file protein.txt (compact mmCIF, N, CA, C and O atoms)
# COMPACT_ATOMS: atom_id res chain seq x y z
N MET A 12 23.63 -57.90 30.35
CA MET A 12 22.95 -57.55 29.12
C MET A 12 21.45 -57.78 29.25
O MET A 12 20.67 -57.03 28.68
N ASN A 13 21.04 -58.82 29.95
CA ASN A 13 19.61 -59.13 30.07
C ASN A 13 18.83 -57.98 30.69
O ASN A 13 17.68 -57.75 30.31
N ILE A 14 19.43 -57.27 31.60
CA ILE A 14 18.73 -56.15 32.23
C ILE A 14 18.36 -55.09 31.19
O ILE A 14 17.27 -54.53 31.23
N PHE A 15 19.26 -54.85 30.25
CA PHE A 15 18.97 -53.87 29.20
C PHE A 15 17.85 -54.35 28.28
O PHE A 15 16.98 -53.58 27.89
N LEU A 16 17.87 -55.64 27.95
CA LEU A 16 16.80 -56.21 27.12
C LEU A 16 15.46 -56.14 27.84
O LEU A 16 14.44 -55.83 27.24
N GLN A 17 15.46 -56.40 29.14
CA GLN A 17 14.23 -56.32 29.93
C GLN A 17 13.71 -54.89 30.01
O GLN A 17 12.51 -54.67 30.15
N MET A 18 14.61 -53.93 29.90
CA MET A 18 14.21 -52.52 29.94
C MET A 18 13.72 -52.04 28.58
O MET A 18 13.31 -50.89 28.44
N GLY A 19 13.81 -52.90 27.54
CA GLY A 19 13.31 -52.52 26.24
C GLY A 19 14.38 -52.15 25.22
O GLY A 19 14.06 -51.82 24.08
N PHE A 20 15.64 -52.19 25.62
CA PHE A 20 16.71 -51.91 24.67
C PHE A 20 16.83 -53.05 23.68
O PHE A 20 16.55 -54.20 23.99
N GLU A 21 17.25 -52.72 22.48
CA GLU A 21 17.48 -53.72 21.44
C GLU A 21 18.90 -53.61 20.94
O GLU A 21 19.45 -52.51 20.85
N GLU A 22 19.48 -54.74 20.63
CA GLU A 22 20.84 -54.74 20.11
C GLU A 22 20.84 -54.25 18.67
O GLU A 22 19.97 -54.62 17.87
N MET A 23 21.79 -53.41 18.35
CA MET A 23 21.90 -52.90 16.98
C MET A 23 22.71 -53.89 16.14
O MET A 23 23.62 -54.54 16.65
N PRO A 24 22.39 -53.98 14.85
CA PRO A 24 23.15 -54.90 13.99
C PRO A 24 24.57 -54.36 13.77
O PRO A 24 24.76 -53.26 13.26
N THR A 25 25.55 -55.15 14.19
CA THR A 25 26.94 -54.72 14.05
C THR A 25 27.73 -55.61 13.11
O THR A 25 28.96 -55.64 13.15
N ASN A 26 27.04 -56.35 12.25
CA ASN A 26 27.72 -57.26 11.34
C ASN A 26 28.21 -56.59 10.07
O ASN A 26 28.80 -57.22 9.22
N ASN A 27 27.98 -55.29 9.93
CA ASN A 27 28.44 -54.55 8.75
C ASN A 27 29.84 -54.02 9.04
O ASN A 27 30.01 -52.94 9.59
N LEU A 28 30.86 -54.77 8.64
CA LEU A 28 32.24 -54.39 8.95
C LEU A 28 32.81 -53.38 7.96
O LEU A 28 33.74 -52.64 8.28
N VAL A 29 32.27 -53.37 6.75
CA VAL A 29 32.68 -52.38 5.75
C VAL A 29 31.71 -51.21 5.83
O VAL A 29 30.50 -51.39 5.83
N GLU A 30 32.26 -50.01 5.91
CA GLU A 30 31.44 -48.82 6.08
C GLU A 30 31.95 -47.73 5.16
O GLU A 30 33.11 -47.74 4.73
N SER A 31 31.09 -46.80 4.83
CA SER A 31 31.53 -45.64 4.05
C SER A 31 32.14 -44.61 5.00
O SER A 31 31.81 -44.56 6.19
N SER A 32 33.00 -43.78 4.47
CA SER A 32 33.57 -42.70 5.27
C SER A 32 32.48 -41.76 5.75
O SER A 32 32.60 -41.15 6.81
N PHE A 33 31.40 -41.66 4.98
CA PHE A 33 30.29 -40.80 5.38
C PHE A 33 29.74 -41.21 6.75
O PHE A 33 29.67 -40.40 7.67
N TRP A 34 29.34 -42.48 6.89
CA TRP A 34 28.75 -42.94 8.15
C TRP A 34 29.81 -43.05 9.24
O TRP A 34 29.52 -42.81 10.41
N ASN A 35 31.01 -43.44 8.88
CA ASN A 35 32.07 -43.64 9.87
C ASN A 35 32.64 -42.33 10.41
O ASN A 35 33.01 -42.26 11.57
N PHE A 36 32.69 -41.29 9.58
CA PHE A 36 33.31 -40.03 9.98
C PHE A 36 32.40 -38.81 9.79
O PHE A 36 32.16 -38.06 10.73
N ASP A 37 31.92 -38.60 8.58
CA ASP A 37 31.21 -37.36 8.25
C ASP A 37 29.93 -37.17 9.07
O ASP A 37 29.67 -36.08 9.58
N ALA A 38 29.13 -38.24 9.18
CA ALA A 38 27.87 -38.13 9.93
C ALA A 38 28.12 -37.90 11.42
O ALA A 38 27.23 -37.45 12.13
N LEU A 39 29.32 -38.20 11.88
CA LEU A 39 29.71 -37.93 13.26
C LEU A 39 30.43 -36.58 13.37
O LEU A 39 30.97 -36.26 14.41
N PHE A 40 30.42 -35.85 12.28
CA PHE A 40 30.98 -34.49 12.20
C PHE A 40 32.47 -34.44 12.54
O PHE A 40 32.94 -33.52 13.17
N GLN A 41 33.18 -35.47 12.07
CA GLN A 41 34.63 -35.44 12.14
C GLN A 41 35.11 -34.84 10.83
O GLN A 41 34.75 -35.31 9.75
N PRO A 42 35.90 -33.77 10.87
CA PRO A 42 36.29 -33.09 9.62
C PRO A 42 37.10 -34.01 8.71
O PRO A 42 37.79 -34.92 9.17
N GLN A 43 37.01 -33.75 7.43
CA GLN A 43 37.67 -34.60 6.45
C GLN A 43 39.19 -34.47 6.50
O GLN A 43 39.89 -35.31 5.95
N HIS A 44 39.70 -33.48 7.15
CA HIS A 44 41.16 -33.33 7.28
C HIS A 44 41.67 -33.82 8.64
O HIS A 44 42.82 -33.60 9.00
N HIS A 45 40.85 -34.52 9.40
CA HIS A 45 41.23 -35.02 10.72
C HIS A 45 42.27 -36.14 10.57
O HIS A 45 42.17 -36.98 9.68
N PRO A 46 43.31 -36.17 11.43
CA PRO A 46 44.36 -37.18 11.32
C PRO A 46 43.86 -38.63 11.43
O PRO A 46 44.50 -39.53 10.89
N ALA A 47 42.75 -38.87 12.11
CA ALA A 47 42.23 -40.24 12.22
C ALA A 47 41.82 -40.81 10.87
O ALA A 47 41.68 -42.02 10.73
N ARG A 48 41.65 -39.96 9.88
CA ARG A 48 41.28 -40.42 8.55
C ARG A 48 42.50 -40.79 7.70
O ARG A 48 42.35 -41.26 6.59
N ASP A 49 43.68 -40.57 8.22
CA ASP A 49 44.89 -40.91 7.48
C ASP A 49 44.97 -42.41 7.25
O ASP A 49 44.47 -43.21 8.05
N SER A 50 45.63 -42.79 6.19
CA SER A 50 45.71 -44.20 5.82
C SER A 50 46.44 -45.05 6.87
O SER A 50 46.25 -46.25 6.92
N HIS A 51 47.25 -44.44 7.73
CA HIS A 51 47.91 -45.25 8.75
C HIS A 51 47.00 -45.50 9.95
O HIS A 51 47.32 -46.31 10.80
N ASP A 52 45.87 -44.83 10.03
CA ASP A 52 44.91 -45.05 11.12
C ASP A 52 43.63 -45.72 10.65
O ASP A 52 42.85 -46.19 11.48
N THR A 53 43.38 -45.72 9.37
CA THR A 53 42.15 -46.26 8.81
C THR A 53 42.49 -47.14 7.62
O THR A 53 43.36 -46.80 6.83
N PHE A 54 41.83 -48.28 7.52
CA PHE A 54 42.07 -49.20 6.41
C PHE A 54 41.00 -48.98 5.34
O PHE A 54 39.84 -49.37 5.52
N PHE A 55 41.40 -48.35 4.25
CA PHE A 55 40.50 -48.10 3.14
C PHE A 55 40.50 -49.30 2.20
O PHE A 55 41.52 -49.96 2.03
N LEU A 56 39.35 -49.58 1.58
CA LEU A 56 39.23 -50.73 0.69
C LEU A 56 39.62 -50.36 -0.73
O LEU A 56 39.35 -49.26 -1.19
N GLU A 57 40.23 -51.32 -1.42
CA GLU A 57 40.55 -51.14 -2.83
C GLU A 57 39.34 -51.49 -3.70
O GLU A 57 39.11 -50.85 -4.71
N ALA A 58 38.60 -52.53 -3.29
CA ALA A 58 37.44 -52.94 -4.07
C ALA A 58 36.38 -53.51 -3.13
O ALA A 58 36.71 -54.43 -2.36
N PRO A 59 35.21 -53.00 -3.11
CA PRO A 59 34.78 -51.77 -3.79
C PRO A 59 35.33 -50.55 -3.04
O PRO A 59 35.22 -50.48 -1.81
N SER A 60 35.90 -49.65 -3.74
CA SER A 60 36.57 -48.50 -3.11
C SER A 60 35.59 -47.42 -2.66
O SER A 60 35.92 -46.62 -1.79
N THR A 61 34.40 -47.40 -3.24
CA THR A 61 33.41 -46.38 -2.87
C THR A 61 32.04 -46.99 -2.66
O THR A 61 31.74 -48.06 -3.19
N THR A 62 31.22 -46.28 -1.92
CA THR A 62 29.85 -46.71 -1.68
C THR A 62 28.98 -46.34 -2.87
O THR A 62 29.29 -45.40 -3.60
N ARG A 63 27.89 -47.06 -3.03
CA ARG A 63 26.96 -46.76 -4.13
C ARG A 63 25.76 -45.98 -3.64
O ARG A 63 25.10 -45.33 -4.42
N GLU A 64 25.45 -46.11 -2.35
CA GLU A 64 24.21 -45.51 -1.85
C GLU A 64 24.44 -44.74 -0.56
O GLU A 64 25.00 -45.28 0.39
N LEU A 65 24.01 -43.51 -0.56
CA LEU A 65 23.93 -42.69 0.64
C LEU A 65 22.64 -41.89 0.55
O LEU A 65 22.24 -41.51 -0.55
N PRO A 66 22.00 -41.63 1.67
CA PRO A 66 20.76 -40.85 1.63
C PRO A 66 21.06 -39.39 1.29
O PRO A 66 21.62 -38.66 2.10
N GLU A 67 20.72 -39.00 0.08
CA GLU A 67 21.12 -37.69 -0.43
C GLU A 67 20.63 -36.53 0.43
O GLU A 67 21.36 -35.55 0.61
N ASP A 68 19.43 -36.65 0.98
CA ASP A 68 18.93 -35.56 1.82
C ASP A 68 19.80 -35.36 3.05
O ASP A 68 20.16 -34.23 3.40
N TYR A 69 20.21 -36.46 3.67
CA TYR A 69 21.05 -36.37 4.86
C TYR A 69 22.48 -35.95 4.51
O TYR A 69 23.11 -35.19 5.25
N VAL A 70 22.98 -36.43 3.40
CA VAL A 70 24.32 -36.04 2.94
C VAL A 70 24.39 -34.52 2.80
O VAL A 70 25.36 -33.89 3.24
N GLN A 71 23.36 -33.92 2.22
CA GLN A 71 23.36 -32.47 2.03
C GLN A 71 23.32 -31.72 3.36
O GLN A 71 23.98 -30.68 3.52
N LEU A 72 22.57 -32.24 4.33
CA LEU A 72 22.53 -31.61 5.66
C LEU A 72 23.90 -31.69 6.35
O LEU A 72 24.38 -30.70 6.91
N VAL A 73 24.52 -32.86 6.29
CA VAL A 73 25.83 -33.04 6.91
C VAL A 73 26.86 -32.16 6.22
O VAL A 73 27.68 -31.50 6.88
N LYS A 74 26.82 -32.10 4.90
CA LYS A 74 27.73 -31.24 4.13
C LYS A 74 27.59 -29.79 4.58
O LYS A 74 28.59 -29.10 4.83
N HIS A 75 26.37 -29.33 4.70
CA HIS A 75 26.12 -27.94 5.09
C HIS A 75 26.70 -27.64 6.48
O HIS A 75 27.33 -26.60 6.69
N VAL A 76 26.50 -28.54 7.42
CA VAL A 76 27.00 -28.30 8.78
C VAL A 76 28.53 -28.32 8.79
O VAL A 76 29.15 -27.51 9.47
N HIS A 77 29.14 -29.22 8.02
CA HIS A 77 30.61 -29.22 7.93
C HIS A 77 31.12 -27.88 7.38
O HIS A 77 32.07 -27.32 7.91
N GLU A 78 30.48 -27.41 6.34
CA GLU A 78 30.97 -26.20 5.65
C GLU A 78 30.57 -24.90 6.34
O GLU A 78 31.38 -23.98 6.46
N SER A 79 29.33 -24.82 6.79
CA SER A 79 28.79 -23.54 7.26
C SER A 79 28.27 -23.56 8.69
O SER A 79 27.92 -22.51 9.22
N GLY A 80 28.17 -24.73 9.28
CA GLY A 80 27.66 -24.83 10.63
C GLY A 80 26.15 -25.01 10.67
O GLY A 80 25.48 -25.10 9.64
N GLY A 81 25.63 -25.05 11.86
CA GLY A 81 24.20 -25.24 12.09
C GLY A 81 23.99 -25.86 13.45
O GLY A 81 24.93 -26.42 14.05
N TYR A 82 22.79 -25.74 13.98
CA TYR A 82 22.44 -26.34 15.28
C TYR A 82 23.37 -25.84 16.39
O TYR A 82 23.76 -26.60 17.27
N GLY A 83 23.78 -24.59 16.32
CA GLY A 83 24.65 -24.02 17.33
C GLY A 83 26.14 -24.13 17.02
O GLY A 83 26.96 -23.60 17.75
N SER A 84 26.48 -24.81 15.96
CA SER A 84 27.89 -24.96 15.56
C SER A 84 28.20 -23.98 14.43
O SER A 84 27.34 -23.68 13.62
N ARG A 85 29.42 -23.52 14.36
CA ARG A 85 29.81 -22.67 13.23
C ARG A 85 30.45 -23.47 12.12
O ARG A 85 30.88 -22.94 11.11
N GLY A 86 30.54 -24.79 12.30
CA GLY A 86 31.09 -25.67 11.28
C GLY A 86 32.60 -25.60 11.22
O GLY A 86 33.24 -24.90 12.01
N TYR A 87 33.15 -26.32 10.26
CA TYR A 87 34.60 -26.34 10.10
C TYR A 87 35.08 -25.36 9.03
O TYR A 87 36.27 -25.19 8.84
N MET A 88 34.13 -24.78 8.30
CA MET A 88 34.44 -23.77 7.28
C MET A 88 35.47 -24.24 6.27
O MET A 88 36.51 -23.62 6.08
N TYR A 89 35.21 -25.36 5.62
CA TYR A 89 36.07 -25.88 4.56
C TYR A 89 35.17 -26.45 3.46
O TYR A 89 33.97 -26.62 3.66
N ASP A 90 35.75 -26.75 2.32
CA ASP A 90 34.99 -27.34 1.22
C ASP A 90 34.90 -28.84 1.42
O ASP A 90 35.87 -29.58 1.21
N TRP A 91 33.72 -29.30 1.87
CA TRP A 91 33.47 -30.71 2.09
C TRP A 91 33.42 -31.43 0.76
O TRP A 91 32.82 -30.94 -0.20
N LYS A 92 34.07 -32.59 0.66
CA LYS A 92 34.16 -33.31 -0.61
C LYS A 92 33.38 -34.63 -0.56
O LYS A 92 33.65 -35.49 0.28
N ARG A 93 32.46 -34.77 -1.50
CA ARG A 93 31.66 -35.99 -1.59
C ARG A 93 32.55 -37.20 -1.87
O ARG A 93 32.30 -38.30 -1.37
N GLU A 94 33.59 -37.02 -2.67
CA GLU A 94 34.48 -38.14 -3.01
C GLU A 94 35.10 -38.75 -1.75
O GLU A 94 35.28 -39.96 -1.66
N GLU A 95 35.43 -37.90 -0.79
CA GLU A 95 36.00 -38.37 0.47
C GLU A 95 34.95 -39.15 1.27
O GLU A 95 35.24 -40.19 1.84
N ALA A 96 33.74 -38.67 1.29
CA ALA A 96 32.65 -39.32 2.04
C ALA A 96 32.28 -40.67 1.43
O ALA A 96 31.82 -41.57 2.13
N ASN A 97 32.47 -40.83 0.14
CA ASN A 97 32.11 -42.06 -0.56
C ASN A 97 33.09 -43.20 -0.35
O ASN A 97 32.79 -44.35 -0.66
N LYS A 98 34.28 -42.92 0.17
CA LYS A 98 35.31 -43.96 0.31
C LYS A 98 34.86 -45.03 1.30
O LYS A 98 34.35 -44.73 2.38
N ASN A 99 35.09 -46.29 0.91
CA ASN A 99 34.78 -47.42 1.79
C ASN A 99 35.99 -47.75 2.65
O ASN A 99 37.14 -47.60 2.23
N LEU A 100 35.72 -48.23 3.86
CA LEU A 100 36.77 -48.58 4.80
C LEU A 100 36.30 -49.67 5.72
O LEU A 100 35.12 -50.01 5.75
N LEU A 101 37.23 -50.25 6.47
CA LEU A 101 36.83 -51.15 7.54
C LEU A 101 36.38 -50.28 8.70
O LEU A 101 37.11 -49.39 9.12
N ARG A 102 35.18 -50.53 9.16
CA ARG A 102 34.59 -49.69 10.22
C ARG A 102 35.57 -49.57 11.38
O ARG A 102 36.09 -50.55 11.89
N THR A 103 35.85 -48.34 11.80
CA THR A 103 36.85 -48.11 12.84
C THR A 103 36.25 -48.10 14.24
O THR A 103 37.00 -48.13 15.22
N HIS A 104 34.94 -48.05 14.37
CA HIS A 104 34.28 -48.02 15.67
C HIS A 104 32.80 -48.33 15.48
O HIS A 104 32.27 -48.21 14.38
N THR A 105 32.13 -48.73 16.54
CA THR A 105 30.71 -49.08 16.41
C THR A 105 29.80 -47.86 16.43
O THR A 105 28.60 -47.99 16.18
N THR A 106 30.33 -46.69 16.71
CA THR A 106 29.50 -45.49 16.69
C THR A 106 28.92 -45.25 15.30
O THR A 106 27.85 -44.67 15.17
N ALA A 107 29.61 -45.72 14.27
CA ALA A 107 29.08 -45.61 12.90
C ALA A 107 27.75 -46.35 12.78
O ALA A 107 26.85 -45.91 12.05
N VAL A 108 27.60 -47.45 13.50
CA VAL A 108 26.33 -48.19 13.51
C VAL A 108 25.25 -47.31 14.13
O VAL A 108 24.11 -47.27 13.64
N SER A 109 25.60 -46.59 15.18
CA SER A 109 24.63 -45.71 15.84
C SER A 109 24.15 -44.61 14.90
O SER A 109 22.96 -44.26 14.91
N THR A 110 25.04 -44.05 14.11
CA THR A 110 24.61 -42.97 13.20
C THR A 110 23.59 -43.49 12.19
O THR A 110 22.60 -42.82 11.91
N ARG A 111 23.84 -44.68 11.67
CA ARG A 111 22.89 -45.28 10.72
C ARG A 111 21.54 -45.53 11.39
O ARG A 111 20.49 -45.26 10.82
N MET A 112 21.58 -46.09 12.59
CA MET A 112 20.34 -46.41 13.31
C MET A 112 19.56 -45.14 13.65
O MET A 112 18.34 -45.11 13.49
N LEU A 113 20.24 -44.11 14.13
CA LEU A 113 19.54 -42.87 14.47
C LEU A 113 18.91 -42.23 13.23
O LEU A 113 17.79 -41.72 13.28
N TYR A 114 19.62 -42.30 12.10
CA TYR A 114 19.04 -41.78 10.85
C TYR A 114 17.80 -42.60 10.48
O TYR A 114 16.76 -42.03 10.15
N ALA A 115 17.90 -43.93 10.56
CA ALA A 115 16.75 -44.78 10.21
C ALA A 115 15.57 -44.54 11.14
O ALA A 115 14.42 -44.47 10.70
N LEU A 116 15.83 -44.41 12.43
CA LEU A 116 14.75 -44.16 13.39
C LEU A 116 14.10 -42.80 13.17
O LEU A 116 12.90 -42.64 13.37
N ALA A 117 14.87 -41.82 12.77
CA ALA A 117 14.32 -40.49 12.51
C ALA A 117 13.40 -40.49 11.29
O ALA A 117 12.50 -39.66 11.19
N LYS A 118 13.61 -41.44 10.38
CA LYS A 118 12.79 -41.53 9.17
C LYS A 118 11.47 -42.24 9.42
O LYS A 118 10.58 -42.19 8.59
N VAL A 119 11.33 -42.94 10.54
CA VAL A 119 10.11 -43.70 10.85
C VAL A 119 8.99 -42.77 11.23
O VAL A 119 9.08 -41.78 11.81
call {"tool": "encode", "arguments": {"input": "protein.txt", "output": "structure tokens"}}
result
Amino acid sequence: MNIFLQMGFEEMPTNNLVESSFWNFDALFQPQHHPARDSHDTFFLEAPSTTRELPEDYVQLVKHVHESGGYGSRGYMYDWKREEANKNLLRTHTTAVSTRMLYALAKV
């Protein structure tokens, strides 16, 4: 690990174990009907069951790509649902942390 730190890499904060479906799935362009989102593969929270904050500008971009495509993709051509993206869950992988970081770095 020290070699990466010496090269200028920084560790991303991974202490956020509760994540929204948006960052965990939607921002990674996994369709909302994907089997990995089923309750037997993902642990959804009862309380708080939904997130309160998502960056609306980015949510709209992700929604558009899911529904209509963009950036060389034709999309999944389905009606993307905000209610599904708002659901809270136990983070299923650390790639969700990467999506948040890349969004934050793009805003700098």
call {"tool": "atom_distance", "arguments": {"input": "protein.txt", "atom1": "CA of Thr61 in chain A", "atom2": "CA of Asn97 in chain A"}}
result
5.1 Å
call {"tool": "select_by_dssp", "arguments": {"input": "protein.txt", "residues": "chain A", "states": "alpha helix (DSSP H)", "output": "ChimeraX atom specification"}}
result
/A:13-17,32-35,67-79,93-97,106-118
call {"tool": "atom_distance", "arguments": {"input": "protein.txt", "atom1": "CA of Ala117 in chain A", "atom2": "CA of Ser31 in chain A"}}
result
19.9 Å
call {"tool": "residues_around", "arguments": {"input": "protein.txt", "residues": "Asn35 in chain A", "least_positions_apart": "3", "cutoff": "7 Å", "atoms": "all atoms listed in the file", "output": "number ranges by chain"}}
result
A: 30-32, 38-41, 102-104, 106-108
call {"tool": "write_last_selection", "arguments": {"input": "protein.txt", "atoms": "N, CA, C and O atoms", "output": "compact mmCIF listing (two decimals), keeping the file's coordinate frame"}}
result
# COMPACT_ATOMS: atom_id res chain seq x y z
N GLU A 30 32.26 -50.01 5.91
CA GLU A 30 31.44 -48.82 6.08
C GLU A 30 31.95 -47.73 5.16
O GLU A 30 33.11 -47.74 4.73
N SER A 31 31.09 -46.80 4.83
CA SER A 31 31.53 -45.64 4.05
C SER A 31 32.14 -44.61 5.00
O SER A 31 31.81 -44.56 6.19
N SER A 32 33.00 -43.78 4.47
CA SER A 32 33.57 -42.70 5.27
C SER A 32 32.48 -41.76 5.75
O SER A 32 32.60 -41.15 6.81
N ALA A 38 29.13 -38.24 9.18
CA ALA A 38 27.87 -38.13 9.93
C ALA A 38 28.12 -37.90 11.42
O ALA A 38 27.23 -37.45 12.13
N LEU A 39 29.32 -38.20 11.88
CA LEU A 39 29.71 -37.93 13.26
C LEU A 39 30.43 -36.58 13.37
O LEU A 39 30.97 -36.26 14.41
N PHE A 40 30.42 -35.85 12.28
CA PHE A 40 30.98 -34.49 12.20
C PHE A 40 32.47 -34.44 12.54
O PHE A 40 32.94 -33.52 13.17
N GLN A 41 33.18 -35.47 12.07
CA GLN A 41 34.63 -35.44 12.14
C GLN A 41 35.11 -34.84 10.83
O GLN A 41 34.75 -35.31 9.75
N ARG A 102 35.18 -50.53 9.16
CA ARG A 102 34.59 -49.69 10.22
C ARG A 102 35.57 -49.57 11.38
O ARG A 102 36.09 -50.55 11.89
N THR A 103 35.85 -48.34 11.80
CA THR A 103 36.85 -48.11 12.84
C THR A 103 36.25 -48.10 14.24
O THR A 103 37.00 -48.13 15.22
N HIS A 104 34.94 -48.05 14.37
CA HIS A 104 34.28 -48.02 15.67
C HIS A 104 32.80 -48.33 15.48
O HIS A 104 32.27 -48.21 14.38
N THR A 106 30.33 -46.69 16.71
CA THR A 106 29.50 -45.49 16.69
C THR A 106 28.92 -45.25 15.30
O THR A 106 27.85 -44.67 15.17
N ALA A 107 29.61 -45.72 14.27
CA ALA A 107 29.08 -45.61 12.90
C ALA A 107 27.75 -46.35 12.78
O ALA A 107 26.85 -45.91 12.05
N VAL A 108 27.60 -47.45 13.50
CA VAL A 108 26.33 -48.19 13.51
C VAL A 108 25.25 -47.31 14.13
O VAL A 108 24.11 -47.27 13.64
call {"tool": "atom_distance", "arguments": {"input": "protein.txt", "atom1": "atom O of Thr105 in chain A", "atom2": "atom C of Met88 in chain A"}}
result
26.6 Å
call {"tool": "select_by_dssp", "arguments": {"input": "protein.txt", "residues": "range 13-119 of chain A", "states": "strand (DSSP E)", "output": "number ranges by chain"}}
result
A: 29-31, 99-101
call {"tool": "closest_residue", "arguments": {"input": "protein.txt", "among": "A:Leu16, A:Leu56, A:Ala47, A:Leu65", "to": "Phe33 in chain A", "atoms": "only C-alpha atoms"}}
result
A:Leu65
call {"tool": "closest_residue", "arguments": {"input": "protein.txt", "among": "A:Glu22, A:Glu64, A:Asp90, A:Leu101", "to": "Asp52 in chain A", "atoms": "all atoms listed in the file"}}
result
A:Leu101
call {"tool": "decode", "arguments": {"input": "protein.txt", "residues": "range 99-116 of chain A", "atoms": "N, CA, C and O atoms", "output": "CSV table (one decimal), in the first residue's frame"}}
result
chain,number,residue,atom,x,y,z
A,99,ASN,N,-32.6,3.1,0.5
A,99,ASN,CA,-31.3,2.9,1.2
A,99,ASN,C,-31.0,1.4,1.4
A,99,ASN,O,-32.0,0.6,1.5
A,100,LEU,N,-29.7,1.1,1.4
A,100,LEU,CA,-29.3,-0.3,1.5
A,100,LEU,C,-28.0,-0.4,2.2
A,100,LEU,O,-27.3,0.6,2.3
A,101,LEU,N,-27.6,-1.6,2.6
A,101,LEU,CA,-26.2,-1.8,3.0
A,101,LEU,C,-25.4,-1.9,1.7
A,101,LEU,O,-25.7,-2.7,0.9
A,102,ARG,N,-24.4,-1.0,1.7
A,102,ARG,CA,-23.5,-1.0,0.5
A,102,ARG,C,-23.1,-2.4,0.1
A,102,ARG,O,-22.5,-3.1,0.9
A,103,THR,N,-23.3,-2.7,-1.2
A,103,THR,CA,-23.0,-4.1,-1.6
A,103,THR,C,-21.6,-4.2,-2.2
A,103,THR,O,-21.1,-5.3,-2.4
A,104,HIS,N,-20.9,-3.1,-2.4
A,104,HIS,CA,-19.5,-3.2,-3.0
A,104,HIS,C,-18.9,-1.8,-2.8
A,104,HIS,O,-19.6,-0.8,-2.6
A,105,THR,N,-17.6,-1.7,-2.9
A,105,THR,CA,-16.9,-0.4,-2.7
A,105,THR,C,-16.9,0.5,-3.9
A,105,THR,O,-16.5,1.6,-3.9
A,106,THR,N,-17.3,-0.1,-5.0
A,106,THR,CA,-17.4,0.7,-6.3
A,106,THR,C,-18.4,1.9,-6.1
A,106,THR,O,-18.2,2.9,-6.7
A,107,ALA,N,-19.4,1.8,-5.2
A,107,ALA,CA,-20.3,2.9,-4.9
A,107,ALA,C,-19.5,4.1,-4.3
A,107,ALA,O,-19.8,5.2,-4.6
A,108,VAL,N,-18.4,3.8,-3.6
A,108,VAL,CA,-17.6,4.9,-3.0
A,108,VAL,C,-16.9,5.6,-4.2
A,108,VAL,O,-16.8,6.8,-4.2
A,109,SER,N,-16.5,4.8,-5.2
A,109,SER,CA,-15.8,5.4,-6.3
A,109,SER,C,-16.7,6.3,-7.1
A,109,SER,O,-16.3,7.4,-7.6
A,110,THR,N,-18.0,6.0,-7.3
A,110,THR,CA,-18.9,6.8,-8.0
A,110,THR,C,-19.1,8.2,-7.3
A,110,THR,O,-19.1,9.2,-8.0
A,111,ARG,N,-19.2,8.1,-6.0
A,111,ARG,CA,-19.3,9.4,-5.2
A,111,ARG,C,-18.1,10.2,-5.4
A,111,ARG,O,-18.2,11.4,-5.6
A,112,MET,N,-16.9,9.6,-5.3
A,112,MET,CA,-15.7,10.3,-5.4
A,112,MET,C,-15.5,10.9,-6.7
A,112,MET,O,-15.1,12.1,-6.9
A,113,LEU,N,-15.8,10.2,-7.8
A,113,LEU,CA,-15.6,10.7,-9.1
A,113,LEU,C,-16.6,11.9,-9.4
A,113,LEU,O,-16.2,12.9,-10.0
A,114,TYR,N,-17.8,11.8,-8.9
A,114,TYR,CA,-18.7,12.9,-9.0
A,114,TYR,C,-18.2,14.1,-8.2
A,114,TYR,O,-18.2,15.2,-8.8
A,115,ALA,N,-17.7,13.9,-7.0
A,115,ALA,CA,-17.1,15.0,-6.2
A,115,ALA,C,-15.9,15.7,-6.9
A,115,ALA,O,-15.8,16.9,-7.0
A,116,LEU,N,-15.0,14.8,-7.5
A,116,LEU,CA,-13.9,15.4,-8.1
A,116,LEU,C,-14.2,16.1,-9.4
A,116,LEU,O,-13.6,17.1,-9.8
